Each structure stands twice: as C-alpha cells, then as structure tokens.
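Enquirer: data-v9.tsv is the file, holding TSV, C-alpha atoms:
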chain	number	residue	atom	x	y	z
A	1	MET	CA	1.96	-55.24	17.97
A	2	LYS	CA	3.37	-56.17	14.58
A	3	SER	CA	1.45	-53.31	13.01
A	4	PHE	CA	2.83	-50.90	15.56
A	5	ILE	CA	6.39	-52.10	15.00
A	6	PHE	CA	5.90	-51.64	11.26
A	7	ILE	CA	4.48	-48.13	11.72
A	8	LEU	CA	7.25	-47.25	14.15
A	9	THR	CA	9.92	-48.48	11.73
A	10	LEU	CA	8.36	-46.53	8.88
A	11	ALA	CA	8.13	-43.42	11.09
A	12	ILE	CA	11.81	-43.78	12.04
A	13	PHE	CA	12.83	-44.04	8.39
A	14	LEU	CA	10.70	-41.04	7.44
A	15	GLN	CA	11.97	-38.99	10.37
A	16	ALA	CA	15.59	-39.87	9.71
A	17	SER	CA	15.19	-39.12	5.97
A	18	PHE	CA	13.23	-35.89	5.66
A	19	LEU	CA	10.39	-35.36	8.15
A	20	PRO	CA	11.14	-32.65	10.71
A	21	VAL	CA	8.46	-33.88	13.14
A	22	ASN	CA	9.53	-36.17	15.98
A	23	LEU	CA	7.18	-39.04	15.09
A	24	VAL	CA	9.06	-41.64	17.14
A	25	LEU	CA	8.54	-39.68	20.31
A	26	LEU	CA	4.88	-39.07	19.47
A	27	LEU	CA	4.16	-42.73	18.79
A	28	LEU	CA	6.02	-44.11	21.80
A	29	ILE	CA	4.63	-41.63	24.30
A	30	SER	CA	1.10	-42.02	22.92
A	31	ARG	CA	1.31	-45.79	23.25
A	32	ALA	CA	2.75	-45.53	26.74
A	33	LEU	CA	-0.12	-43.24	27.73
A	34	ILE	CA	-2.76	-45.51	26.23
A	35	LYS	CA	-1.47	-48.89	27.28
A	36	SER	CA	0.55	-49.95	30.31
A	37	ASP	CA	2.72	-52.67	28.87
A	38	LYS	CA	6.24	-54.08	29.24
A	39	ALA	CA	6.50	-53.91	25.46
A	40	ASN	CA	6.68	-50.11	25.67
A	41	TYR	CA	10.23	-50.39	27.09
A	42	TYR	CA	11.35	-52.76	24.35
A	43	LEU	CA	9.72	-50.61	21.72
A	44	ALA	CA	11.57	-47.58	23.11
A	45	LEU	CA	14.80	-49.58	23.04
A	46	TYR	CA	14.19	-50.70	19.47
A	47	GLY	CA	13.11	-47.23	18.30
A	48	GLY	CA	16.10	-45.57	19.94
A	49	ILE	CA	18.61	-48.01	18.47
A	50	LEU	CA	17.16	-47.82	14.95
A	51	TYR	CA	16.92	-44.04	15.04
A	52	GLY	CA	20.51	-43.82	16.29
A	53	LEU	CA	21.64	-46.08	13.45
A	54	LEU	CA	19.78	-44.17	10.75
A	55	THR	CA	20.90	-40.76	11.93
A	56	SER	CA	24.50	-41.92	12.46
A	57	SER	CA	24.43	-40.77	16.05
A	58	ASN	CA	25.16	-42.73	19.23
A	59	ILE	CA	23.06	-45.90	19.22
A	60	GLY	CA	22.23	-45.99	22.90
A	61	PHE	CA	21.59	-42.29	23.30
A	62	TYR	CA	17.98	-42.14	22.09
A	63	SER	CA	17.14	-45.48	23.71
A	64	ILE	CA	18.13	-44.21	27.16
A	65	ILE	CA	16.04	-41.06	26.77
A	66	LEU	CA	13.00	-42.83	25.34
A	67	ILE	CA	13.09	-45.54	28.03
A	68	LEU	CA	13.28	-42.86	30.69
A	69	PHE	CA	10.31	-41.05	29.13
A	70	VAL	CA	8.33	-44.30	29.08
A	71	GLN	CA	9.16	-44.92	32.72
A	72	ILE	CA	8.14	-41.39	33.75
A	73	ILE	CA	4.85	-41.79	31.88
A	74	GLU	CA	4.22	-45.12	33.58
A	75	ILE	CA	4.63	-43.36	36.92
A	76	LEU	CA	2.45	-40.43	35.82
A	77	LYS	CA	-0.29	-42.81	34.72
A	78	LYS	CA	-1.15	-43.46	38.32
A	79	SER	CA	-2.66	-39.96	38.31
A	80	ARG	CA	-6.34	-39.68	37.43
A	81	LEU	CA	-5.67	-36.93	34.90
A	82	SER	CA	-3.34	-39.09	32.80
A	83	THR	CA	-5.94	-39.73	30.05
A	84	HIS	CA	-7.07	-36.11	29.79
A	85	PRO	CA	-6.27	-34.75	26.30
A	86	LEU	CA	-4.61	-31.68	27.80
A	87	THR	CA	-2.30	-33.90	29.84
A	88	VAL	CA	-1.29	-35.73	26.67
A	89	LEU	CA	-0.56	-32.42	25.01
A	90	ILE	CA	1.50	-31.13	27.94
A	91	VAL	CA	3.42	-34.39	28.38
A	92	ILE	CA	4.37	-34.56	24.71
A	93	ALA	CA	5.28	-30.87	24.60
A	94	ILE	CA	7.54	-31.21	27.65
A	95	ALA	CA	9.10	-34.48	26.43
A	96	ASN	CA	9.75	-32.97	23.02
A	97	LEU	CA	11.27	-29.86	24.54
A	98	VAL	CA	13.50	-31.87	26.86
A	99	LEU	CA	14.66	-34.13	24.01
A	100	THR	CA	15.40	-31.11	21.80
A	101	LEU	CA	17.36	-29.44	24.60
A	102	ILE	CA	19.39	-32.61	25.21
A	103	GLU	CA	20.03	-32.97	21.47
A	104	SER	CA	21.19	-29.36	21.22
A	105	LEU	CA	23.42	-29.90	24.24
A	106	PHE	CA	25.04	-33.12	23.00
A	107	PHE	CA	24.92	-32.77	19.21
A	108	HIS	CA	24.83	-28.94	19.00
A	109	GLN	CA	21.63	-29.08	16.99
A	110	GLN	CA	19.66	-25.91	16.38
A	111	ILE	CA	16.42	-25.57	18.35
A	112	LEU	CA	13.59	-24.96	15.87
A	113	ILE	CA	10.54	-23.57	17.62
A	114	GLN	CA	8.26	-24.24	14.64
A	115	VAL	CA	9.19	-27.95	14.71
A	116	LEU	CA	8.44	-28.10	18.43
A	117	ILE	CA	5.06	-26.48	17.85
A	118	LEU	CA	4.28	-28.75	14.90
A	119	THR	CA	5.11	-31.87	16.90
A	120	THR	CA	2.95	-30.67	19.79
A	121	VAL	CA	0.07	-29.86	17.45
A	122	LEU	CA	0.28	-33.36	15.98
A	123	ALA	CA	0.21	-34.93	19.43
A	124	LEU	CA	-3.56	-35.00	19.84
A	125	PRO	CA	-4.41	-36.48	16.40
A	126	VAL	CA	-1.73	-39.14	16.76
A	127	TYR	CA	-2.88	-39.94	20.29
A	128	GLY	CA	-6.53	-40.08	19.17
A	129	LEU	CA	-5.80	-42.37	16.22
A	130	MET	CA	-3.66	-44.67	18.33
A	131	ARG	CA	-6.31	-44.85	21.00
A	132	ILE	CA	-8.95	-45.79	18.45
A	133	TRP	CA	-6.58	-48.38	16.98
A	134	GLU	CA	-5.68	-49.91	20.32
A	135	GLU	CA	-9.26	-50.00	21.62
A	136	ARG	CA	-11.04	-51.15	18.48
A	137	PHE	CA	-8.62	-53.24	16.47
A	138	VAL	CA	-6.15	-54.77	18.92
A	139	PRO	CA	-7.57	-57.75	20.81
A	140	ASP	CA	-7.06	-57.78	24.55
A	141	ARG	CA	-5.58	-61.04	25.87
A	142	ALA	CA	-7.64	-60.77	29.03
A	143	ILE	CA	-10.84	-61.21	27.07
A	144	ARG	CA	-11.62	-64.83	26.36
A	145	LEU	CA	-14.69	-66.29	24.78
A	146	LYS	CA	-16.44	-68.76	27.07
A	147	ILE	CA	-17.48	-71.75	25.03
B	1	MET	CA	9.74	-43.74	45.60
B	2	PRO	CA	10.76	-47.31	46.56
B	3	TRP	CA	12.13	-49.45	43.75
B	4	GLY	CA	9.45	-52.09	44.16
B	5	SER	CA	6.59	-49.64	43.64
B	6	LEU	CA	7.95	-48.58	40.21
B	7	PRO	CA	5.95	-49.95	37.27
B	8	HIS	CA	7.73	-52.83	35.47
B	9	PRO	CA	11.00	-52.38	37.34
B	10	ARG	CA	12.71	-55.42	35.88
B	11	THR	CA	11.87	-54.60	32.25
B	12	PHE	CA	12.90	-51.03	32.76
B	13	LEU	CA	16.19	-52.05	34.30
B	14	ILE	CA	16.99	-54.56	31.54
B	15	SER	CA	16.19	-52.21	28.67
B	16	PHE	CA	17.94	-49.31	30.37
B	17	LEU	CA	21.11	-51.36	30.98
B	18	ILE	CA	21.11	-52.58	27.37
B	19	SER	CA	20.82	-48.98	26.18
B	20	LEU	CA	23.53	-47.85	28.54
B	21	SER	CA	25.90	-50.58	27.40
B	22	LEU	CA	25.18	-49.75	23.74
B	23	PHE	CA	25.83	-46.11	24.52
B	24	GLY	CA	29.14	-46.96	26.11
B	25	ALA	CA	30.13	-49.37	23.36
B	26	ASP	CA	29.32	-46.90	20.62
B	27	PHE	CA	31.07	-44.15	22.54
B	28	GLY	CA	34.17	-46.33	22.68
B	29	GLY	CA	33.99	-47.02	18.93
B	30	VAL	CA	33.27	-50.74	19.31
B	31	LEU	CA	30.13	-50.56	17.14
B	32	ASN	CA	31.64	-48.69	14.23
B	33	TYR	CA	31.98	-51.75	12.01
B	34	PRO	CA	28.43	-53.14	12.53
B	35	LYS	CA	27.09	-49.63	12.11
B	36	SER	CA	28.82	-49.24	8.75
B	37	ILE	CA	27.38	-52.57	7.60
B	38	VAL	CA	23.87	-51.48	8.56
B	39	SER	CA	24.44	-48.12	6.86
B	40	THR	CA	25.17	-49.79	3.53
B	41	VAL	CA	21.62	-51.14	3.65
B	42	THR	CA	19.78	-48.22	5.21
B	43	VAL	CA	21.41	-45.26	3.46
B	44	PRO	CA	20.06	-46.16	-0.03
B	45	VAL	CA	16.60	-46.60	1.46
B	46	GLN	CA	16.86	-43.23	3.21
B	47	PHE	CA	18.17	-41.62	0.04
B	48	GLY	CA	15.28	-43.07	-1.93
B	49	LEU	CA	12.80	-41.77	0.63
B	50	TYR	CA	14.44	-38.38	0.58
B	51	LYS	CA	14.33	-38.15	-3.23
B	52	THR	CA	10.73	-39.33	-3.25
B	53	SER	CA	9.78	-36.68	-0.73
B	54	GLN	CA	11.58	-34.03	-2.77
B	55	ALA	CA	9.73	-35.09	-5.92
B	56	PHE	CA	6.45	-35.18	-4.00
B	57	PHE	CA	6.81	-31.71	-2.53
B	58	LYS	CA	7.98	-30.35	-5.88
B	59	GLN	CA	4.56	-31.24	-7.29
B	60	PHE	CA	2.99	-28.76	-4.88
B	61	GLU	CA	5.75	-26.20	-5.04
B	62	PHE	CA	4.05	-24.31	-7.86
B	63	ILE	CA	1.17	-23.44	-5.50
B	64	PHE	CA	3.55	-21.64	-3.14
B	65	LEU	CA	5.47	-20.13	-6.05
B	66	ALA	CA	2.27	-18.81	-7.60
B	67	ARG	CA	1.20	-17.36	-4.27
B	68	ARG	CA	4.60	-15.75	-3.78
B	69	ALA	CA	4.50	-14.38	-7.31
B	70	VAL	CA	1.11	-12.79	-6.65
B	71	GLN	CA	2.40	-11.25	-3.42
B	72	GLU	CA	5.52	-9.96	-5.16
B	73	LYS	CA	3.42	-8.55	-8.00
B	74	THR	CA	1.20	-6.71	-5.53
B	75	ALA	CA	4.22	-5.33	-3.72
B	76	LEU	CA	5.89	-4.29	-6.96
B	77	THR	CA	2.70	-2.64	-8.21
B	78	GLU	CA	2.55	-0.61	-5.02
B	79	GLN	CA	6.22	0.30	-5.36
B	80	LEU	CA	5.72	1.27	-8.99
B	81	ALA	CA	2.75	3.46	-8.07
B	82	THR	CA	4.86	5.15	-5.39
B	83	VAL	CA	7.74	5.67	-7.81
B	84	LEU	CA	5.42	7.05	-10.48
B	85	SER	CA	3.84	9.39	-7.96
B	86	GLU	CA	7.27	10.55	-6.78
B	87	ASN	CA	8.38	10.96	-10.38
B	88	ALA	CA	5.33	13.07	-11.19
B	89	ASP	CA	5.95	15.17	-8.10
B	90	LEU	CA	9.59	15.68	-9.06
B	91	LYS	CA	8.65	16.59	-12.62
B	92	ARG	CA	6.15	19.12	-11.33
B	93	LYS	CA	8.73	20.60	-8.98
B	94	LEU	CA	11.26	20.75	-11.82
B	95	ALA	CA	8.75	22.50	-14.06
B	96	GLU	CA	7.96	24.94	-11.25
B	97	THR	CA	11.64	25.66	-10.67
B	98	GLN	CA	12.31	26.09	-14.38
B	99	GLY	CA	9.23	28.30	-14.68
B	100	PHE	CA	10.35	30.37	-11.73
B	101	LEU	CA	13.81	30.85	-13.26
B	102	VAL	CA	12.33	31.86	-16.60
B	103	GLU	CA	9.93	34.19	-14.80
B	104	GLN	CA	12.79	35.90	-13.01
B	105	GLN	CA	14.62	36.33	-16.32
B	106	ALA	CA	11.51	37.71	-18.05
B	107	LEU	CA	10.28	39.98	-15.27
B	108	ASP	CA	12.82	41.80	-13.19
B	109	PRO	CA	12.28	40.63	-9.61
B	110	LEU	CA	13.32	44.08	-8.40
B	111	THR	CA	10.42	45.64	-10.31
B	112	TYR	CA	7.78	42.94	-10.09
B	113	LYS	CA	6.98	40.93	-7.04
B	114	THR	CA	5.41	37.65	-8.15
B	115	VAL	CA	3.77	34.78	-6.31
B	116	PRO	CA	3.98	31.33	-7.96
B	117	ALA	CA	0.69	29.48	-8.20
B	118	ARG	CA	-0.30	26.06	-9.41
B	119	PRO	CA	-3.33	25.67	-11.70
B	120	LEU	CA	-5.97	23.47	-10.08
B	121	SER	CA	-8.64	23.38	-12.76
B	122	LEU	CA	-9.56	25.05	-15.99
B	123	THR	CA	-13.16	25.54	-16.96
B	124	ARG	CA	-14.28	28.99	-17.99
B	125	TYR	CA	-11.99	30.41	-15.34
B	126	LEU	CA	-8.57	29.18	-14.30
B	127	THR	CA	-8.50	28.21	-10.62
B	128	ILE	CA	-5.15	28.53	-8.84
B	129	ASP	CA	-3.97	27.32	-5.44
B	130	ARG	CA	-3.26	30.76	-4.00
B	131	GLY	CA	-5.72	33.00	-2.25
B	132	GLN	CA	-6.19	35.80	0.22
B	133	THR	CA	-3.83	34.26	2.76
B	134	ASP	CA	-1.03	34.48	0.20
B	135	GLY	CA	-1.56	38.19	-0.32
B	136	ILE	CA	-3.50	37.90	-3.56
B	137	LEU	CA	-5.95	40.68	-4.41
B	138	ILE	CA	-8.72	41.02	-6.97
B	139	ASN	CA	-7.66	42.37	-10.41
B	140	GLN	CA	-4.03	41.38	-9.95
B	141	PRO	CA	-2.56	40.14	-13.25
B	142	VAL	CA	-1.60	36.53	-13.76
B	143	VAL	CA	1.35	35.93	-16.06
B	144	TYR	CA	3.75	33.29	-17.33
B	145	LYS	CA	7.16	34.72	-18.19
B	146	ASP	CA	6.17	38.18	-19.47
B	147	VAL	CA	2.97	36.98	-21.10
B	148	TYR	CA	-0.33	38.10	-19.64
B	149	LEU	CA	-2.79	35.26	-19.03
B	150	GLY	CA	-5.60	36.92	-17.11
B	151	GLN	CA	-6.50	38.68	-13.92
B	152	ILE	CA	-7.89	37.63	-10.56
B	153	ARG	CA	-11.65	37.61	-10.72
B	154	ASP	CA	-12.65	36.38	-7.28
B	155	LEU	CA	-10.94	34.99	-4.22
B	156	SER	CA	-11.21	32.59	-1.35
B	157	ALA	CA	-8.74	32.06	1.47
B	158	LYS	CA	-6.71	29.44	-0.36
B	159	THR	CA	-7.79	29.65	-4.02
B	160	ALA	CA	-8.47	32.26	-6.64
B	161	ARG	CA	-10.26	32.28	-9.99
B	162	VAL	CA	-8.58	33.93	-12.94
B	163	LEU	CA	-10.47	35.66	-15.73
B	164	LEU	CA	-8.49	34.66	-18.82
B	165	SER	CA	-7.74	37.12	-21.60
B	166	THR	CA	-9.69	34.87	-23.97
B	167	ASP	CA	-12.86	35.24	-21.89
B	168	PRO	CA	-15.58	37.45	-23.47
B	169	ASP	CA	-15.72	39.48	-20.22
B	170	SER	CA	-12.07	40.46	-20.59
B	171	LYS	CA	-11.46	43.90	-22.15
B	172	ILE	CA	-7.93	45.33	-22.06
B	173	GLU	CA	-6.41	48.37	-23.68
B	174	VAL	CA	-3.52	47.17	-25.82
B	175	PHE	CA	-1.14	48.24	-28.55
B	176	ALA	CA	0.70	46.48	-31.35
B	177	SER	CA	4.14	47.62	-32.24
B	178	ASN	CA	6.17	47.16	-35.43
B	179	GLN	CA	8.71	49.11	-37.48
B	180	GLN	CA	5.98	51.26	-39.10
B	181	GLY	CA	4.65	52.42	-35.76
B	182	LYS	CA	2.05	51.60	-33.18
B	183	ALA	CA	-1.58	50.54	-33.37
B	184	ARG	CA	-3.81	50.97	-30.36
B	185	GLY	CA	-7.01	49.11	-29.66
B	186	ILE	CA	-9.16	47.17	-27.21
B	187	LEU	CA	-8.50	43.48	-26.79
B	188	VAL	CA	-11.70	41.52	-26.25
B	189	GLY	CA	-11.87	37.81	-25.52
B	190	GLN	CA	-13.83	35.61	-27.87
B	191	TYR	CA	-15.71	32.43	-27.25
B	192	GLY	CA	-12.90	30.04	-27.91
B	193	SER	CA	-9.18	30.38	-27.79
B	194	ASP	CA	-8.77	33.57	-29.80
B	195	MET	CA	-9.06	37.23	-28.97
B	196	LEU	CA	-10.12	40.18	-31.06
B	197	MET	CA	-8.30	43.51	-31.12
B	198	ASP	CA	-10.93	46.10	-31.93
B	199	LYS	CA	-11.12	49.87	-32.37
B	200	ILE	CA	-7.94	50.13	-34.44
B	201	LEU	CA	-7.77	53.23	-36.60
B	202	HIS	CA	-7.31	52.55	-40.29
B	203	GLN	CA	-4.20	54.70	-40.48
B	204	GLU	CA	-2.45	52.81	-37.67
B	205	PRO	CA	-0.13	50.05	-38.89
B	206	ILE	CA	-0.73	46.44	-37.82
B	207	ALA	CA	0.37	43.28	-39.55
B	208	VAL	CA	0.23	39.53	-39.08
B	209	GLY	CA	2.90	38.38	-36.62
B	210	ASP	CA	2.95	41.59	-34.59
B	211	LEU	CA	3.00	41.16	-30.84
B	212	ILE	CA	0.28	42.74	-28.74
B	213	TYR	CA	1.25	44.49	-25.49
B	214	SER	CA	-0.72	45.82	-22.56
B	215	GLU	CA	-1.10	49.58	-22.43
B	216	GLY	CA	-0.99	49.65	-18.64
B	217	THR	CA	-3.99	51.91	-18.20
B	218	GLU	CA	-6.02	49.34	-16.27
B	219	ASN	CA	-5.75	49.14	-12.55
B	220	LEU	CA	-2.79	46.98	-11.38
B	221	LEU	CA	-1.93	45.84	-14.94
B	222	PRO	CA	1.61	46.92	-15.85
B	223	ARG	CA	2.50	48.25	-19.28
B	224	GLY	CA	4.38	46.06	-21.73
B	225	LEU	CA	3.10	42.58	-20.92
B	226	ILE	CA	2.60	40.46	-24.05
B	227	LEU	CA	-0.98	39.39	-24.69
B	228	GLY	CA	-0.72	37.57	-27.99
B	229	GLN	CA	0.25	37.66	-31.59
B	230	VAL	CA	-1.69	38.93	-34.60
B	231	SER	CA	-2.88	36.03	-36.70
B	232	SER	CA	-5.03	38.00	-39.19
B	233	VAL	CA	-6.10	41.58	-39.81
B	234	LEU	CA	-9.73	42.41	-40.67
B	235	ASP	CA	-9.44	45.66	-42.59
B	236	ARG	CA	-12.85	46.65	-44.02
B	237	GLN	CA	-12.92	50.16	-45.48
B	238	ASN	CA	-16.67	50.58	-44.98
B	239	GLU	CA	-16.26	50.31	-41.22
B	240	VAL	CA	-14.96	52.97	-38.88
B	241	PHE	CA	-12.30	50.78	-37.25
B	242	LYS	CA	-10.34	47.82	-38.34
B	243	GLN	CA	-9.88	44.64	-36.28
B	244	ALA	CA	-7.24	41.99	-35.80
B	245	VAL	CA	-7.54	38.40	-34.63
B	246	ILE	CA	-5.03	37.67	-31.86
B	247	LYS	CA	-3.79	34.26	-30.89
B	248	PRO	CA	-2.53	33.68	-27.34
B	249	ILE	CA	1.15	32.85	-26.92
B	250	PHE	CA	0.63	29.98	-24.46
B	251	ASP	CA	-1.99	27.31	-24.11
B	252	VAL	CA	-3.03	27.86	-20.49
B	253	SER	CA	-4.09	24.24	-20.04
B	254	SER	CA	-0.51	23.07	-20.63
B	255	LEU	CA	1.09	25.27	-17.97
B	256	ASP	CA	2.25	23.71	-14.70
B	257	ILE	CA	2.81	27.01	-12.96
B	258	VAL	CA	1.68	30.60	-13.34
B	259	PHE	CA	2.66	33.77	-11.46
B	260	VAL	CA	0.53	36.45	-9.87
B	261	ILE	CA	2.07	39.92	-9.94
B	262	THR	CA	1.32	41.22	-6.47
B	263	ASN	CA	3.34	44.42	-6.62
Give the structure from the file, written as structure tokens.
Expert:
Amino acid sequence: MKSFIFILTLAIFLQASFLPVNLVLLLLISRALIKSDKANYYLALYGGILYGLLTSSNIGFYSIILILFVQIIEILKKSRLSTHPLTVLIVIAIANLVLTLIESLFFHQQILIQVLILTTVLALPVYGLMRIWEERFVPDRAIRLKI
Amino acid sequence: MPWGSLPHPRTFLISFLISLSLFGADFGGVLNYPKSIVSTVTVPVQFGLYKTSQAFFKQFEFIFLARRAVQEKTALTEQLATVLSENADLKRKLAETQGFLVEQQALDPLTYKTVPARPLSLTRYLTIDRGQTDGILINQPVVYKDVYLGQIRDLSAKTARVLLSTDPDSKIEVFASNQQGKARGILVGQYGSDMLMDKILHQEPIAVGDLIYSEGTENLLPRGLILGQVSSVLDRQNEVFKQAVIKPIFDVSSLDIVFVITN
C-alpha cells in the first residue's frame, strides 16, 4: 500500500508537471479492477485532491470523478468478464474519454486524440504490471501461517 | 440497484461527501489560502521536474532533428531535380524560339516552308524527332539559319536520319563567290569534320575565307544556302583541277534545333 501511494504520488507529480498521459486514472482504475478494497476510494480521494492542488484546479473536482469511476468499476466487477484484458482496455478507454470530455466542458481544455490513444495503449502494460505486483509482492491478510 | 447491494457503500459515501465538500469549499474560495501555501512547496518541485524532463528529452532531440534533416534533404533534392529539369526544358524552349526567330530572319518564310526539329542523336547520321507524319520527305534539306547541314537520308513515322554535308557519301554542286568572280566545284564530305571542294578549274578564283553556296541543281536543294567557308586552297599545277578545304559554319553537335525545308 505504501509503495502504491508513493507511485501514485510520483505519477501525479509527473502528470501535473510534463507527462501528457493520464497516469493517475490508469493506476487507480487498474488497482480497482485488480483488487476490491475500501482503500481504492481513499486512494481516489487522495489522488484527486493532490492532482487538483498541483494543477491549480478545483480540489474536489477530480476526487468526485475518480471516486465515481471506482464505484462503477466495483459494480462492474460482479461481471465475469471484468478480468478480461479487453474489458480493462475498454473500461480505461471509456473512463479516459469521459474524463477528457468533462475536463473540456468545465476547464475548456482541448481534446487531444493522440493523448487518449496513448493512455489507452498504456492501459494493458500498466494493468499487467500492477497485477503482477499485487499478486506476487503484496501479502494477502487472509493468508496466515499455521504454526 | 438498492443502496445496500452497492459495494462498500459507507466508504463510497464518506469519500464522495468529503470530495463534494472540498469541491464546494474550493468553489467558494475558502481553500485559496491553504492552496497557496501548498503551492509554495509543490511548484518548485514541479518546475524542477519539468526542467529535468526538458533536459532529458533534449538529449534525444538530435535523433528526431537528424531524421527530419534527412527527410528535408530528400525533399529538397527532389525539388532541386524538378527545378533543374524545368530549367533545362525552359532553356531548350528558349533556344528553339530564338532559333526559330533567327531562321525566319535568315530564310524568308514566304519562300521557304520549314519544320523545326530537335536533334535526338548524332553518330554518323543526325537523327531528328520529325518523320513522315510531319510531312518530311527523303532528300529534303536540313538547315540552321541559312546554312545547309545535310539532307534527309531515310525516314520513319516519327524520326528521320540526316546525311550531313561532312559525310563521305554527300556530294553537292557548289560555288564560291568573291570580288574576283565565281568558282564552281563539287563539295564532298571527308572523314572528319571538314569537306573538300573538288573539280575547281585553275582559272576560277577562290581564296581562304570565301563562303561556299549551294548551286541548287540537286533535287529539292535550293540555291544559295551556305555550306561552309574555305579554310585552305590546294592549288597544284600538275593536276587538272584545284581543290579547297571547307570548314562547316556550325558544329552540328552543339545545335538545339534544326529546320527541315519542306517546300
């Protein structure tokens, strides 16, 4: 969890400084798809607030959207196809598109198709890496050694 | 969907309400002061990251610049080739037009009907880009200005071969004219660039620098076309006739256009 918070913070700084790819969205949605956890909501809240601060936009704006995305994904996860790579790709593409549309509506930002495509293309590698990380390196509390 | 069946309803509600209240507070300007305090810390970090990224990408910029330079060079080379080709075409057209104007001044268009032709190759014969379809006939004279170059030897639909006056097969009745009088003879091509005027009577005057004209006795060849200039006279008293070496006026290989007298 600490590692993820560190990576998320770094991603927010990078994204707010120069990276055109929406890394925050990628990381949060990937984690929400991999792991059903209450922490996803708090991470979305934290990510949204920090991103709002760093980009000098409304602090609660991104939090609301990211929390809503997390909630929708939690609902979608009840479907059997939720772990299919194509589903991940579609979910991230739609979420990214929706976020970009909302941003253009509220902040009059230009919609850059190439950035949308780049973020979508990065979805699968990020999802894959996070899945490996969560499955191999993060201990599950449910597993206890019987001594 | 009932509220209770939603995943983590309480957490969702808490985080959503916190976000909503932050949204409202920021919208109302309540958070401006804390935001400015945070900015004093985060902006230098962001600026540092931005500068680092700029420096990092600048290291690889030369790759894209080199690639762009290669692409631009290719494009410019193509453009230059096109411009050079167009320039050559325009020069050729200018030479043709100038040649045509000179031709009209030298040969009266009311008397001579000429067809302009472009030389295609020069080996023993001169090949031109006009043929039967352009109304060219065998034995028609080929000139530049009022200077005789040769006559049509054989024809195809679109090209013709010209027997040059310097060819050994070329024999034309000619005369040289100066203030002392006229000298008649037969102009025979030599192997090379010169011609030989033969069968000149000893009593007929001919001197170096005299111009040689066609007699006009051959079929289709008009009288008075210039064939060359006397470069030396071979006057041997023990022979029946004297001879003169004739140099052509123009170097055929340097001409961009020639004219066929069709009528």
Enquirer: As a PyMOL selection string, please: the residues near segment 153-160 of chain B (cut-off 9 Å, only C-alpha atoms, same-chain neighbours under 3 positions excluded).
Expert: chain B and resi 120+125-134+136-140+150+163
Enquirer: Applying 8 Å and all atoms listed in the file, which residues near segment 125-134 of chain A remain after dropping the ones on its own chain fewer than 2 positions away? List them as a list in words.
Expert: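 Those residues are Leu26, Leu27, Ser30, Arg31, Ile34, Val88, Leu122, Ala123, Arg136, Phe137 and Val138 of chain A.
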Enquirer: Export C-alpha atoms of the chosen residues as a PDB file, in the coordinates of the input?
Expert:
ATOM      1  CA  LEU A  26       4.880 -39.070  19.470  1.00  0.00           C
ATOM      2  CA  LEU A  27       4.160 -42.730  18.790  1.00  0.00           C
ATOM      3  CA  SER A  30       1.100 -42.020  22.920  1.00  0.00           C
ATOM      4  CA  ARG A  31       1.310 -45.790  23.250  1.00  0.00           C
ATOM      5  CA  ILE A  34      -2.760 -45.510  26.230  1.00  0.00           C
ATOM      6  CA  VAL A  88      -1.290 -35.730  26.670  1.00  0.00           C
ATOM      7  CA  LEU A 122       0.280 -33.360  15.980  1.00  0.00           C
ATOM      8  CA  ALA A 123       0.210 -34.930  19.430  1.00  0.00           C
ATOM      9  CA  ARG A 136     -11.040 -51.150  18.480  1.00  0.00           C
ATOM     10  CA  PHE A 137      -8.620 -53.240  16.470  1.00  0.00           C
ATOM     11  CA  VAL A 138      -6.150 -54.770  18.920  1.00  0.00           C
TER      12      VAL A 138
END
Enquirer: What is the distance, in Å and to one decimal place, between atom CA of Asp108 of chain B and atom CA of Gly216 of chain B?
Expert: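 Result for atom CA of Asp108 of chain B versus atom CA of Gly216 of chain B: 16.8 Å, one decimal.
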Enquirer: Counting all atoms listed in the file, which residues from chain B have an atom at most 9 Å from any atom of chain A, and could you show them as a VMD selection string?
Expert: chain B and resid 6 to 9 11 to 12 15 to 27 31 35 38 to 39 42 to 43 45 to 50 53 to 54
Enquirer: Using all atoms listed in the file, can you tell me which of A:Thr120, A:Lys35, A:Leu101, A:Leu112 comes closest to Glu135 of chain A?
Expert: A:Lys35
Enquirer: Hey, can you check how far atom CA of Glu103 of chain B sits from atom CA of Ser231 of chain B?
Expert: 25.4 Å
Enquirer: Excluding segment 219-225 of chain B and any residue of its chain fewer than 3 positions from it, enumerate the residues within 8 Å of it, using all atoms listed in the file, and give them as a ChimeraX atom specification.
Expert: /B:139-141,146-148,213-216
Enquirer: Give me the residues near Ala95 of chain A as a PyMOL selection string, where near means some atom within 9 Å (using only C-alpha atoms) and where sequence neighbours in that chain fewer than 5 positions away do not count.
Expert: chain A and resi 25+29+69+90+100
Enquirer: Any idea what's packed within 7 Å of segment 198-207 of chain B, counting all atoms listed in the file, ignoring anything in its chain fewer than 4 positions away? Could you give it as a list in words?
Expert: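 Non-adjacent residues within range: Ala176, Gln180, Gly181, Lys182, Ala183, Arg184, Gly185, Ile186, Leu187, Val230, Val233, Phe241, Lys242, Gln243 and Ala244 of chain B.
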Enquirer: Mind giving me the straight-line distance from atom CA of Gly228 of chain B to atom CA of Leu196 of chain B in Å, one decimal?
Expert: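 Distance between the two atoms: 10.2 Å.
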Enquirer: Which residue out of B:Tyr191, B:Phe175, B:Phe259, B:Phe60 has the minimum interatomic distance to Lys113 of chain B when only C-alpha atoms are used?
Expert: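 When distances to Lys113 of chain B are compared using only C-alpha atoms, the smallest one comes from B:Phe259.
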Enquirer: Looking at only C-alpha atoms, which of A:Asn96, A:Ser104, A:Ser3, A:Ser79 is the one that sits closest to Val21 of chain A?
Expert: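 With only C-alpha atoms as the atom set, the closest residue is A:Asn96.
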